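What's in input.pdb: PDB, C-alpha atoms, pLDDT in the B column
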```
ATOM      1  CA  MET I   1       0.000   0.000   0.000  1.00 95.00           C
ATOM      2  CA  ARG I   2       1.169   3.504  -0.808  1.00 96.00           C
ATOM      3  CA  GLU I   3       0.064   6.656   0.986  1.00 97.00           C
ATOM      4  CA  GLN I   4       0.825  10.338   0.819  1.00 98.00           C
ATOM      5  CA  THR I   5      -0.571  13.759   1.641  1.00 98.00           C
ATOM      6  CA  ILE I   6      -0.713  16.179  -1.259  1.00 98.00           C
ATOM      7  CA  THR I   7      -1.979  19.738  -1.559  1.00 98.00           C
ATOM      8  CA  LEU I   8      -4.748  20.627  -3.991  1.00 98.00           C
ATOM      9  CA  ASP I   9      -5.782  24.033  -5.269  1.00 96.00           C
ATOM     10  CA  THR I  10      -9.382  25.015  -4.497  1.00 97.00           C
ATOM     11  CA  PRO I  11     -11.284  28.260  -5.138  1.00 95.00           C
ATOM     12  CA  ASP I  12     -10.855  28.946  -1.406  1.00 96.00           C
ATOM     13  CA  GLY I  13      -7.145  28.250  -1.165  1.00 96.00           C
ATOM     14  CA  PRO I  14      -4.878  25.210  -0.824  1.00 98.00           C
ATOM     15  CA  MET I  15      -6.331  22.041   0.730  1.00 98.00           C
ATOM     16  CA  ASP I  16      -4.453  18.959   1.916  1.00 98.00           C
ATOM     17  CA  LEU I  17      -5.630  15.565   0.681  1.00 98.00           C
ATOM     18  CA  PHE I  18      -4.631  12.286   2.321  1.00 98.00           C
ATOM     19  CA  GLU I  19      -4.371   9.433  -0.176  1.00 98.00           C
ATOM     20  CA  ALA I  20      -4.009   5.672   0.248  1.00 98.00           C
ATOM     21  CA  ARG I  21      -3.623   3.418  -2.791  1.00 98.00           C
ATOM     22  CA  PRO I  22      -3.261  -0.333  -3.278  1.00 97.00           C
ATOM     23  CA  ASP I  23       0.074  -1.640  -4.517  1.00 95.00           C
ATOM     24  CA  GLY I  24      -1.498  -3.153  -7.612  1.00 92.00           C
ATOM     25  CA  ASP I  25      -4.154  -1.894  -9.976  1.00 94.00           C
ATOM     26  CA  ALA I  26      -7.088  -0.196  -8.246  1.00 97.00           C
ATOM     27  CA  ARG I  27     -10.695  -1.256  -8.843  1.00 97.00           C
ATOM     28  CA  GLY I  28     -12.157   2.239  -8.403  1.00 98.00           C
ATOM     29  CA  ALA I  29     -11.808   5.347  -6.281  1.00 98.00           C
ATOM     30  CA  VAL I  30     -13.492   6.529  -3.078  1.00 99.00           C
ATOM     31  CA  VAL I  31     -13.566   9.959  -1.431  1.00 99.00           C
ATOM     32  CA  VAL I  32     -13.624   9.650   2.382  1.00 99.00           C
ATOM     33  CA  ILE I  33     -15.304  12.532   4.189  1.00 98.00           C
ATOM     34  CA  GLN I  34     -14.230  13.290   7.734  1.00 98.00           C
ATOM     35  CA  GLU I  35     -16.281  13.483  10.898  1.00 97.00           C
ATOM     36  CA  ALA I  36     -16.626  16.833  12.648  1.00 95.00           C
ATOM     37  CA  PHE I  37     -13.143  16.257  14.078  1.00 96.00           C
ATOM     38  CA  GLY I  38     -11.068  16.426  10.910  1.00 97.00           C
ATOM     39  CA  VAL I  39      -8.889  13.996   9.006  1.00 98.00           C
ATOM     40  CA  ASN I  40      -7.567  12.216  12.078  1.00 98.00           C
ATOM     41  CA  ASP I  41      -6.025   8.766  12.557  1.00 97.00           C
ATOM     42  CA  TYR I  42      -9.445   7.098  12.336  1.00 98.00           C
ATOM     43  CA  ILE I  43     -10.327   8.682   8.971  1.00 98.00           C
ATOM     44  CA  LYS I  44      -6.888   7.820   7.631  1.00 98.00           C
ATOM     45  CA  ALA I  45      -7.426   4.229   8.801  1.00 98.00           C
ATOM     46  CA  VAL I  46     -10.726   4.114   6.892  1.00 98.00           C
ATOM     47  CA  ALA I  47      -8.885   5.260   3.770  1.00 98.00           C
ATOM     48  CA  ARG I  48      -6.233   2.586   4.309  1.00 98.00           C
ATOM     49  CA  ASN I  49      -8.915  -0.060   4.769  1.00 98.00           C
ATOM     50  CA  LEU I  50     -10.473   0.959   1.458  1.00 98.00           C
ATOM     51  CA  ALA I  51      -7.061   0.794  -0.202  1.00 98.00           C
ATOM     52  CA  ALA I  52      -6.662  -2.712   1.218  1.00 98.00           C
ATOM     53  CA  GLU I  53      -9.903  -3.563  -0.623  1.00 98.00           C
ATOM     54  CA  GLY I  54      -8.415  -2.277  -3.860  1.00 98.00           C
ATOM     55  CA  TYR I  55      -9.657   1.314  -4.003  1.00 98.00           C
ATOM     56  CA  GLN I  56      -7.777   4.557  -4.490  1.00 98.00           C
ATOM     57  CA  ALA I  57      -8.976   6.391  -1.357  1.00 98.00           C
ATOM     58  CA  VAL I  58      -8.641  10.127  -0.767  1.00 98.00           C
ATOM     59  CA  ALA I  59      -9.651  12.151   2.290  1.00 98.00           C
ATOM     60  CA  PRO I  60      -9.837  15.946   1.906  1.00 98.00           C
ATOM     61  CA  HIS I  61      -9.077  18.213   4.868  1.00 98.00           C
ATOM     62  CA  LEU I  62     -12.252  20.299   4.868  1.00 98.00           C
ATOM     63  CA  PHE I  63     -11.054  22.559   7.689  1.00 97.00           C
ATOM     64  CA  HIS I  64      -8.429  24.213   5.519  1.00 97.00           C
ATOM     65  CA  ARG I  65     -10.203  27.589   5.729  1.00 96.00           C
ATOM     66  CA  THR I  66      -9.594  27.730   9.471  1.00 94.00           C
ATOM     67  CA  GLY I  67      -6.060  26.439   9.656  1.00 93.00           C
ATOM     68  CA  GLY I  68      -6.615  22.725   9.100  1.00 93.00           C
ATOM     69  CA  GLY I  69      -5.666  20.183  11.700  1.00 94.00           C
ATOM     70  CA  THR I  70      -7.909  18.021  13.845  1.00 95.00           C
ATOM     71  CA  VAL I  71     -10.019  18.412  16.975  1.00 93.00           C
ATOM     72  CA  PRO I  72      -9.918  15.942  19.900  1.00 93.00           C
ATOM     73  CA  TYR I  73     -13.106  13.915  20.282  1.00 93.00           C
ATOM     74  CA  GLY I  74     -15.637  15.643  22.517  1.00 86.00           C
ATOM     75  CA  GLU I  75     -14.210  19.174  22.218  1.00 88.00           C
ATOM     76  CA  PHE I  76     -17.183  20.604  20.345  1.00 82.00           C
ATOM     77  CA  SER I  77     -16.343  24.240  21.057  1.00 87.00           C
ATOM     78  CA  LYS I  78     -13.262  23.803  18.885  1.00 90.00           C
ATOM     79  CA  VAL I  79     -15.371  22.080  16.230  1.00 88.00           C
ATOM     80  CA  MET I  80     -17.529  25.192  15.996  1.00 89.00           C
ATOM     81  CA  GLU I  81     -14.420  27.269  15.369  1.00 91.00           C
ATOM     82  CA  LYS I  82     -13.436  24.950  12.514  1.00 90.00           C
ATOM     83  CA  TYR I  83     -16.883  25.331  10.925  1.00 90.00           C
ATOM     84  CA  GLN I  84     -16.320  29.047  10.346  1.00 89.00           C
ATOM     85  CA  GLY I  85     -16.527  29.832   6.642  1.00 85.00           C
ATOM     86  CA  LEU I  86     -17.860  26.372   5.822  1.00 95.00           C
ATOM     87  CA  ASP I  87     -21.264  25.898   4.176  1.00 97.00           C
ATOM     88  CA  ASP I  88     -22.728  23.549   1.593  1.00 97.00           C
ATOM     89  CA  ASP I  89     -21.388  25.502  -1.365  1.00 97.00           C
ATOM     90  CA  ALA I  90     -17.893  25.474   0.145  1.00 98.00           C
ATOM     91  CA  ILE I  91     -18.162  21.745   0.853  1.00 98.00           C
ATOM     92  CA  LEU I  92     -19.098  21.061  -2.764  1.00 98.00           C
ATOM     93  CA  ARG I  93     -16.158  23.119  -3.993  1.00 98.00           C
ATOM     94  CA  ASP I  94     -13.846  21.014  -1.822  1.00 98.00           C
ATOM     95  CA  VAL I  95     -15.435  17.753  -2.977  1.00 98.00           C
ATOM     96  CA  ASP I  96     -15.146  18.826  -6.610  1.00 98.00           C
ATOM     97  CA  ALA I  97     -11.450  19.557  -6.111  1.00 98.00           C
ATOM     98  CA  SER I  98     -11.023  16.159  -4.459  1.00 98.00           C
ATOM     99  CA  LEU I  99     -12.807  14.397  -7.314  1.00 98.00           C
ATOM    100  CA  ASP I 100     -10.411  15.930  -9.816  1.00 98.00           C
ATOM    101  CA  HIS I 101      -7.571  13.887  -8.299  1.00 98.00           C
ATOM    102  CA  PRO I 102      -8.978  10.392  -9.070  1.00 98.00           C
ATOM    103  CA  ARG I 103     -10.335  11.743 -12.335  1.00 98.00           C
ATOM    104  CA  ALA I 104      -6.758  12.640 -13.276  1.00 98.00           C
ATOM    105  CA  ALA I 105      -5.839   9.019 -12.542  1.00 96.00           C
ATOM    106  CA  GLY I 106      -8.330   7.960 -15.209  1.00 97.00           C
ATOM    107  CA  TRP I 107     -11.454   7.192 -13.180  1.00 98.00           C
ATOM    108  CA  PRO I 108     -14.779   8.333 -14.631  1.00 98.00           C
ATOM    109  CA  ASP I 109     -17.343   9.613 -12.152  1.00 98.00           C
ATOM    110  CA  SER I 110     -19.266   6.340 -12.480  1.00 98.00           C
ATOM    111  CA  ARG I 111     -16.265   4.539 -10.911  1.00 98.00           C
ATOM    112  CA  ILE I 112     -15.862   6.990  -8.022  1.00 98.00           C
ATOM    113  CA  GLY I 113     -17.709   6.622  -4.726  1.00 98.00           C
ATOM    114  CA  ILE I 114     -17.955   8.702  -1.583  1.00 99.00           C
ATOM    115  CA  VAL I 115     -18.278   7.594   2.039  1.00 99.00           C
ATOM    116  CA  GLY I 116     -18.594   9.815   5.098  1.00 98.00           C
ATOM    117  CA  PHE I 117     -19.077   9.669   8.835  1.00 98.00           C
ATOM    118  CA  CYS I 118     -21.045  11.955  11.189  1.00 97.00           C
ATOM    119  CA  PHE I 119     -20.692  15.408   9.578  1.00 97.00           C
ATOM    120  CA  GLY I 120     -19.378  13.524   6.556  1.00 98.00           C
ATOM    121  CA  GLY I 121     -22.482  11.335   6.472  1.00 98.00           C
ATOM    122  CA  ARG I 122     -24.575  14.399   5.693  1.00 98.00           C
ATOM    123  CA  VAL I 123     -21.988  15.497   3.135  1.00 98.00           C
ATOM    124  CA  THR I 124     -22.457  12.240   1.224  1.00 98.00           C
ATOM    125  CA  PHE I 125     -26.183  12.931   0.931  1.00 98.00           C
ATOM    126  CA  LEU I 126     -25.474  16.492  -0.236  1.00 98.00           C
ATOM    127  CA  VAL I 127     -23.090  15.173  -2.879  1.00 98.00           C
ATOM    128  CA  ALA I 128     -25.511  12.412  -3.917  1.00 98.00           C
ATOM    129  CA  ALA I 129     -28.212  15.058  -4.411  1.00 98.00           C
ATOM    130  CA  ARG I 130     -26.049  17.506  -6.385  1.00 98.00           C
ATOM    131  CA  ARG I 131     -23.487  15.343  -8.182  1.00 98.00           C
ATOM    132  CA  ARG I 132     -23.699  12.127 -10.229  1.00 98.00           C
ATOM    133  CA  LEU I 133     -21.139   9.637  -8.944  1.00 98.00           C
ATOM    134  CA  GLY I 134     -21.109   5.859  -8.863  1.00 98.00           C
ATOM    135  CA  ALA I 135     -22.038   5.362  -5.200  1.00 99.00           C
ATOM    136  CA  ALA I 136     -22.449   7.168  -1.877  1.00 99.00           C
ATOM    137  CA  ILE I 137     -22.576   5.856   1.693  1.00 99.00           C
ATOM    138  CA  GLY I 138     -23.366   7.894   4.795  1.00 98.00           C
ATOM    139  CA  PHE I 139     -22.711   6.712   8.349  1.00 98.00           C
ATOM    140  CA  TYR I 140     -24.976   8.435  10.921  1.00 98.00           C
ATOM    141  CA  GLY I 141     -25.204  11.689   9.013  1.00 97.00           C
ATOM    142  CA  GLY I 142     -26.986  14.247  11.173  1.00 95.00           C
ATOM    143  CA  GLY I 143     -28.847  17.250   9.833  1.00 97.00           C
ATOM    144  CA  ILE I 144     -30.295  15.627   6.723  1.00 98.00           C
ATOM    145  CA  VAL I 145     -33.867  15.908   8.018  1.00 98.00           C
ATOM    146  CA  THR I 146     -33.552  18.369  10.929  1.00 96.00           C
ATOM    147  CA  ALA I 147     -30.965  21.136  10.574  1.00 93.00           C
ATOM    148  CA  ARG I 148     -28.375  21.322  13.351  1.00 86.00           C
ATOM    149  CA  PHE I 149     -26.397  24.357  12.188  1.00 85.00           C
ATOM    150  CA  PRO I 150     -27.670  27.429  10.284  1.00 88.00           C
ATOM    151  CA  GLN I 151     -25.160  27.042   7.449  1.00 92.00           C
ATOM    152  CA  PHE I 152     -26.187  23.408   6.891  1.00 94.00           C
ATOM    153  CA  PRO I 153     -29.916  23.374   6.028  1.00 96.00           C
ATOM    154  CA  PRO I 154     -31.990  20.176   5.859  1.00 97.00           C
ATOM    155  CA  LEU I 155     -31.579  18.179   2.654  1.00 98.00           C
ATOM    156  CA  VAL I 156     -34.437  15.681   2.852  1.00 98.00           C
ATOM    157  CA  GLY I 157     -36.415  17.607   0.230  1.00 97.00           C
ATOM    158  CA  GLU I 158     -33.751  16.710  -2.340  1.00 98.00           C
ATOM    159  CA  ALA I 159     -34.365  12.987  -1.956  1.00 98.00           C
ATOM    160  CA  VAL I 160     -36.698  13.012  -4.960  1.00 97.00           C
ATOM    161  CA  THR I 161     -33.922  14.325  -7.219  1.00 96.00           C
ATOM    162  CA  LEU I 162     -31.084  12.187  -5.873  1.00 98.00           C
ATOM    163  CA  GLU I 163     -28.453  11.631  -8.577  1.00 98.00           C
ATOM    164  CA  THR I 164     -26.153   9.067  -6.930  1.00 98.00           C
ATOM    165  CA  PRO I 165     -27.151   5.720  -5.362  1.00 98.00           C
ATOM    166  CA  TRP I 166     -27.066   6.314  -1.587  1.00 98.00           C
ATOM    167  CA  LEU I 167     -26.811   3.967   1.397  1.00 99.00           C
ATOM    168  CA  GLY I 168     -27.593   5.430   4.831  1.00 98.00           C
ATOM    169  CA  LEU I 169     -26.489   3.681   8.045  1.00 99.00           C
ATOM    170  CA  PHE I 170     -27.928   4.770  11.399  1.00 98.00           C
ATOM    171  CA  GLY I 171     -28.058   3.669  15.032  1.00 98.00           C
ATOM    172  CA  ASP I 172     -31.350   3.674  16.941  1.00 98.00           C
ATOM    173  CA  LEU I 173     -29.532   4.828  20.104  1.00 98.00           C
ATOM    174  CA  ASP I 174     -28.085   7.896  18.389  1.00 98.00           C
ATOM    175  CA  GLN I 175     -29.206  10.800  20.583  1.00 96.00           C
ATOM    176  CA  SER I 176     -28.411  13.326  17.857  1.00 95.00           C
ATOM    177  CA  ILE I 177     -30.486  11.678  15.083  1.00 98.00           C
ATOM    178  CA  PRO I 178     -34.010  10.651  16.170  1.00 97.00           C
ATOM    179  CA  VAL I 179     -35.378   7.431  14.738  1.00 98.00           C
ATOM    180  CA  ASP I 180     -38.357   9.470  13.498  1.00 98.00           C
ATOM    181  CA  ASP I 181     -35.948  11.489  11.344  1.00 98.00           C
ATOM    182  CA  VAL I 182     -34.440   8.300   9.929  1.00 98.00           C
ATOM    183  CA  GLU I 183     -37.874   6.978   9.036  1.00 98.00           C
ATOM    184  CA  GLN I 184     -38.882  10.303   7.499  1.00 98.00           C
ATOM    185  CA  LEU I 185     -35.775  10.093   5.343  1.00 98.00           C
ATOM    186  CA  ARG I 186     -36.591   6.516   4.383  1.00 98.00           C
ATOM    187  CA  SER I 187     -40.077   7.589   3.290  1.00 98.00           C
ATOM    188  CA  ALA I 188     -38.730  10.534   1.313  1.00 98.00           C
ATOM    189  CA  LEU I 189     -36.360   8.209  -0.518  1.00 98.00           C
ATOM    190  CA  ASP I 190     -39.268   6.072  -1.732  1.00 97.00           C
ATOM    191  CA  ASP I 191     -39.559   8.446  -4.685  1.00 95.00           C
ATOM    192  CA  ALA I 192     -35.824   8.721  -5.367  1.00 97.00           C
ATOM    193  CA  PRO I 193     -34.889   8.004  -8.992  1.00 97.00           C
ATOM    194  CA  VAL I 194     -31.760   5.999  -8.073  1.00 98.00           C
ATOM    195  CA  ASP I 195     -30.964   2.979  -5.929  1.00 98.00           C
ATOM    196  CA  HIS I 196     -31.117   3.687  -2.192  1.00 98.00           C
ATOM    197  CA  GLU I 197     -31.256   1.931   1.153  1.00 98.00           C
ATOM    198  CA  VAL I 198     -31.567   2.954   4.811  1.00 98.00           C
ATOM    199  CA  VAL I 199     -30.334   0.564   7.507  1.00 98.00           C
ATOM    200  CA  ARG I 200     -30.914   0.900  11.253  1.00 98.00           C
ATOM    201  CA  TYR I 201     -28.998  -0.826  14.054  1.00 98.00           C
ATOM    202  CA  ALA I 202     -31.049  -1.304  17.217  1.00 98.00           C
ATOM    203  CA  ASN I 203     -28.043  -1.599  19.545  1.00 98.00           C
ATOM    204  CA  ALA I 204     -25.897   1.211  18.157  1.00 98.00           C
ATOM    205  CA  GLY I 205     -25.523   4.907  18.813  1.00 98.00           C
ATOM    206  CA  HIS I 206     -23.635   7.707  17.124  1.00 97.00           C
ATOM    207  CA  GLY I 207     -20.122   6.834  16.008  1.00 98.00           C
ATOM    208  CA  PHE I 208     -20.711   3.096  16.147  1.00 98.00           C
ATOM    209  CA  HIS I 209     -18.247   2.398  13.346  1.00 98.00           C
ATOM    210  CA  ARG I 210     -15.434   4.431  14.903  1.00 97.00           C
ATOM    211  CA  PHE I 211     -12.988   1.816  16.166  1.00 92.00           C
ATOM    212  CA  VAL I 212     -11.440   4.154  18.730  1.00 87.00           C
ATOM    213  CA  GLY I 213     -13.178   5.090  21.969  1.00 85.00           C
ATOM    214  CA  ASP I 214     -16.314   3.877  23.668  1.00 92.00           C
ATOM    215  CA  ASP I 215     -18.819   4.428  20.833  1.00 96.00           C
ATOM    216  CA  HIS I 216     -17.677   1.428  18.810  1.00 98.00           C
ATOM    217  CA  VAL I 217     -20.271  -1.335  18.437  1.00 98.00           C
ATOM    218  CA  PRO I 218     -18.418  -4.233  16.785  1.00 98.00           C
ATOM    219  CA  ASP I 219     -21.337  -6.186  15.328  1.00 98.00           C
ATOM    220  CA  ALA I 220     -23.024  -3.099  13.887  1.00 98.00           C
ATOM    221  CA  ALA I 221     -19.693  -1.736  12.627  1.00 98.00           C
ATOM    222  CA  ASP I 222     -18.792  -5.005  10.919  1.00 98.00           C
ATOM    223  CA  ASP I 223     -22.199  -5.324   9.279  1.00 98.00           C
ATOM    224  CA  ALA I 224     -22.173  -1.690   8.126  1.00 98.00           C
ATOM    225  CA  TRP I 225     -18.679  -2.025   6.686  1.00 98.00           C
ATOM    226  CA  GLY I 226     -19.686  -5.163   4.836  1.00 98.00           C
ATOM    227  CA  ARG I 227     -22.675  -3.320   3.395  1.00 98.00           C
ATOM    228  CA  THR I 228     -20.397  -0.421   2.432  1.00 99.00           C
ATOM    229  CA  LEU I 229     -18.068  -2.690   0.490  1.00 98.00           C
ATOM    230  CA  GLY I 230     -21.053  -4.399  -1.101  1.00 98.00           C
ATOM    231  CA  TRP I 231     -22.572  -1.072  -2.148  1.00 98.00           C
ATOM    232  CA  LEU I 232     -19.289   0.032  -3.702  1.00 98.00           C
ATOM    233  CA  ALA I 233     -18.836  -3.269  -5.517  1.00 98.00           C
ATOM    234  CA  LYS I 234     -22.417  -3.170  -6.808  1.00 98.00           C
ATOM    235  CA  HIS I 235     -22.319   0.368  -8.147  1.00 98.00           C
ATOM    236  CA  LEU I 236     -18.705   1.043  -9.096  1.00 97.00           C
ATOM    237  CA  GLU I 237     -17.920  -2.133 -11.025  1.00 83.00           C
TER
END
```
Written form, structure tokens:
Amino acid sequence: MREQTITLDTPDGPMDLFEARPDGDARGAVVVIQEAFGVNDYIKAVARNLAAEGYQAVAPHLFHRTGGGTVPYGEFSKVMEKYQGLDDDAILRDVDASLDHPRAAGWPDSRIGIVGFCFGGRVTFLVAARRRLGAAIGFYGGGIVTARFPQFPPLVGEAVTLETPWLGLFGDLDQSIPVDDVEQLRSALDDAPVDHEVVRYANAGHGFHRFVGDDHVPDAADDAWGRTLGWLAKHLE
């Protein structure tokens, strides 16, 4: 496996991009979108795990407008500082810049996927609604149905115009995403023009895939990761 951090040009300035690639030929490309805590060791590990499955994986540092870096888990006051200057239009500009990297390696959009966690879970729905890629997967993306921050409005109304097949993975014990919101999203997706699926885990809360800290729920994490790889294989190949 090969990995590096490169710097991309964006309309809002330079942005670092962590990349992990398999040693042999890749089978597709995946953009990994960070949690609210930045491109930390966990997000890099996700990218490495995707590379181990044969994908060119890239993780953009979306906090580049506020100095980059990461925030320790639980320090939400610092997260709010990192959100300054970040809205959906800015996120899409960063994603577009990130997509240009695997495109330059020869991947068409139909062979590029996106996966995100927490804050990044919502980003995958935003991208699936506004861009046409091969596949999108969101882990416990808050704010899709009920807005949590003024600069990130609800997106559920865009379910009927979804452009990218989207898989949503949620935990019933997630105190930040009510089950009612998940079911409202599921209903809204009934009229989506592309493949979609919403999966709930009865014994899992927020961050259940994160394999660091106390939020990890191994059985839910393993099942969700298996579904993620299956979704990518189904739609990118």
Practice prompt. Decode the PyMOL selection byres ((chain I and resi 140) around 10) for the given file into explicit residues and return them as a ChimeraX atom specification.
Written response: /I:116-122,137-139,141-144,168-172,174,176-177,182,200,205-209
Discussion item. Measuring between all atoms listed in the file, which one of I:Ile43, I:Ala51, I:Ala192, I:Val79 shows the shortest distance to Arg27 in chain I?
Written reply: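 Answer, going by the shortest atom-to-atom distance: I:Ala51.
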Worksheet item: Selected by the PyMOL selection byres ((chain I and resi 231) around 9) in the shown coordinates: which residues, as number ranges by chain?
Response: I: 135-137, 165-167, 226-230, 232-236
Discussion item. I'd like the neighbourhood of Asp191 in chain I as a PyMOL selection string, where a residue qualifies if any of its atoms comes within 12 Å (using only C-alpha atoms), though same-chain residues fewer than 2 positions away should be ignored.
Written reply: chain I and resi 156-162+185-189+193-196
Worksheet item: Of the residues I:Leu8, I:Asp23, I:Arg103, I:Ala36, which is the one nearest to Glu75 in chain I, using all atoms listed in the file?
Response: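 Smallest separation from Glu75 in chain I among the options: I:Ala36.
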Worksheet item: Which residue gives the smallest distance to Thr7 in chain I among I:Leu173, I:Ser98, I:Val30, I:Gly24, with only C-alpha atoms counted?
Response: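 Smallest distance to Thr7 in chain I is found for I:Ser98.
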Practice prompt. Can you pull out every residue within 12 Å of Glu81 in chain I, counting all atoms listed in the file, but drop anything in the same chain fewer than 2 positions away, and send it as a list in words?
Written response: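 Within the cut-off, the hits are Ala36, Phe37, Phe63, His64, Arg65, Thr66, Gly67, Gly68, Gly69, Thr70, Val71, Glu75, Phe76, Ser77, Lys78, Val79, Tyr83, Gln84, Gly85 and Leu86 of chain I.
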Can you spit out the residues from that selection as a CSV table (one decimal), in the coordinates of the input, using C-alpha atoms?
```csv
chain,number,residue,atom,x,y,z
I,36,ALA,CA,-16.6,16.8,12.6
I,37,PHE,CA,-13.1,16.3,14.1
I,63,PHE,CA,-11.1,22.6,7.7
I,64,HIS,CA,-8.4,24.2,5.5
I,65,ARG,CA,-10.2,27.6,5.7
I,66,THR,CA,-9.6,27.7,9.5
I,67,GLY,CA,-6.1,26.4,9.7
I,68,GLY,CA,-6.6,22.7,9.1
I,69,GLY,CA,-5.7,20.2,11.7
I,70,THR,CA,-7.9,18.0,13.8
I,71,VAL,CA,-10.0,18.4,17.0
I,75,GLU,CA,-14.2,19.2,22.2
I,76,PHE,CA,-17.2,20.6,20.3
I,77,SER,CA,-16.3,24.2,21.1
I,78,LYS,CA,-13.3,23.8,18.9
I,79,VAL,CA,-15.4,22.1,16.2
I,83,TYR,CA,-16.9,25.3,10.9
I,84,GLN,CA,-16.3,29.0,10.3
I,85,GLY,CA,-16.5,29.8,6.6
I,86,LEU,CA,-17.9,26.4,5.8
```
Item to complete: Work out how far CA of Val127 in chain I is from CA of Val46 in chain I, in Å to one decimal.
Response: 19.3 Å
Item to complete: Give me the result of the PyMOL selection byres ((chain I and resi 133) around 9) on this file, residue by residue, as a VMD selection string.
Response: chain I and resid 108 to 114 127 to 128 131 to 132 134 to 136 163 to 165 236
Discussion item. Quick check, in Å to one decimal: how far apart do CA of Asn49 in chain I and CA of Asp96 in chain I lie?
Written reply: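 Between CA of Asn49 in chain I and CA of Asp96 in chain I the gap works out to 22.9 Å.
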Practice prompt. Considering all atoms listed in the file, state which residue in the set I:Thr146, I:Asp219, I:Val95, I:Pro154 is at the smallest distance from Val179 in chain I.
Written response: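 Distance minimum relative to Val179 in chain I lands on I:Thr146.
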Discussion item. Using Å and a single decimal, report how far CA of Pro178 in chain I sits from CA of Ala45 in chain I.
Written reply: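 Between CA of Ala45 in chain I and CA of Pro178 in chain I the gap works out to 28.3 Å.
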Item to complete: Pick out the closest residue to Gln151 in chain I from this set: I:Ala90, I:Ala105, I:Ala59, I:Tyr42. Count all atoms listed in the file.
Response: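 Smallest separation from Gln151 in chain I among the options: I:Ala90.
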For range 186-198 of chain I, which lacks atoms in the input, supply N, CA and C atoms and format the output as a short mmCIF file (atom, residue, chain, number, x, y, z; two decimals), in the frame of the given file.
```cif
data_model
loop_
_atom_site.label_atom_id
_atom_site.label_comp_id
_atom_site.auth_asym_id
_atom_site.auth_seq_id
_atom_site.Cartn_x
_atom_site.Cartn_y
_atom_site.Cartn_z
N ARG I 186 -36.29 7.73 5.13
CA ARG I 186 -36.59 6.52 4.38
C ARG I 186 -37.82 6.72 3.49
N SER I 187 -38.85 7.34 4.06
CA SER I 187 -40.08 7.59 3.29
C SER I 187 -39.83 8.53 2.13
N ALA I 188 -39.04 9.58 2.38
CA ALA I 188 -38.73 10.53 1.31
C ALA I 188 -37.98 9.87 0.17
N LEU I 189 -37.14 8.89 0.50
CA LEU I 189 -36.36 8.21 -0.52
C LEU I 189 -37.19 7.24 -1.36
N ASP I 190 -38.41 6.97 -0.95
CA ASP I 190 -39.27 6.07 -1.73
C ASP I 190 -39.43 6.56 -3.16
N ASP I 191 -39.38 7.88 -3.35
CA ASP I 191 -39.56 8.45 -4.68
C ASP I 191 -38.24 8.82 -5.36
N ALA I 192 -37.12 8.41 -4.77
CA ALA I 192 -35.82 8.72 -5.37
C ALA I 192 -35.65 7.98 -6.69
N PRO I 193 -35.03 8.63 -7.67
CA PRO I 193 -34.89 8.00 -8.99
C PRO I 193 -33.70 7.05 -9.11
N VAL I 194 -32.93 6.88 -8.03
CA VAL I 194 -31.76 6.00 -8.07
C VAL I 194 -31.86 5.00 -6.93
N ASP I 195 -30.99 4.00 -6.97
CA ASP I 195 -30.96 2.98 -5.93
C ASP I 195 -30.67 3.62 -4.58
N HIS I 196 -31.30 3.12 -3.53
CA HIS I 196 -31.12 3.69 -2.19
C HIS I 196 -31.47 2.64 -1.15
N GLU I 197 -30.94 2.83 0.04
CA GLU I 197 -31.26 1.93 1.15
C GLU I 197 -30.95 2.65 2.46
N VAL I 198 -31.79 2.44 3.47
CA VAL I 198 -31.57 2.95 4.81
C VAL I 198 -31.55 1.77 5.77
#
```
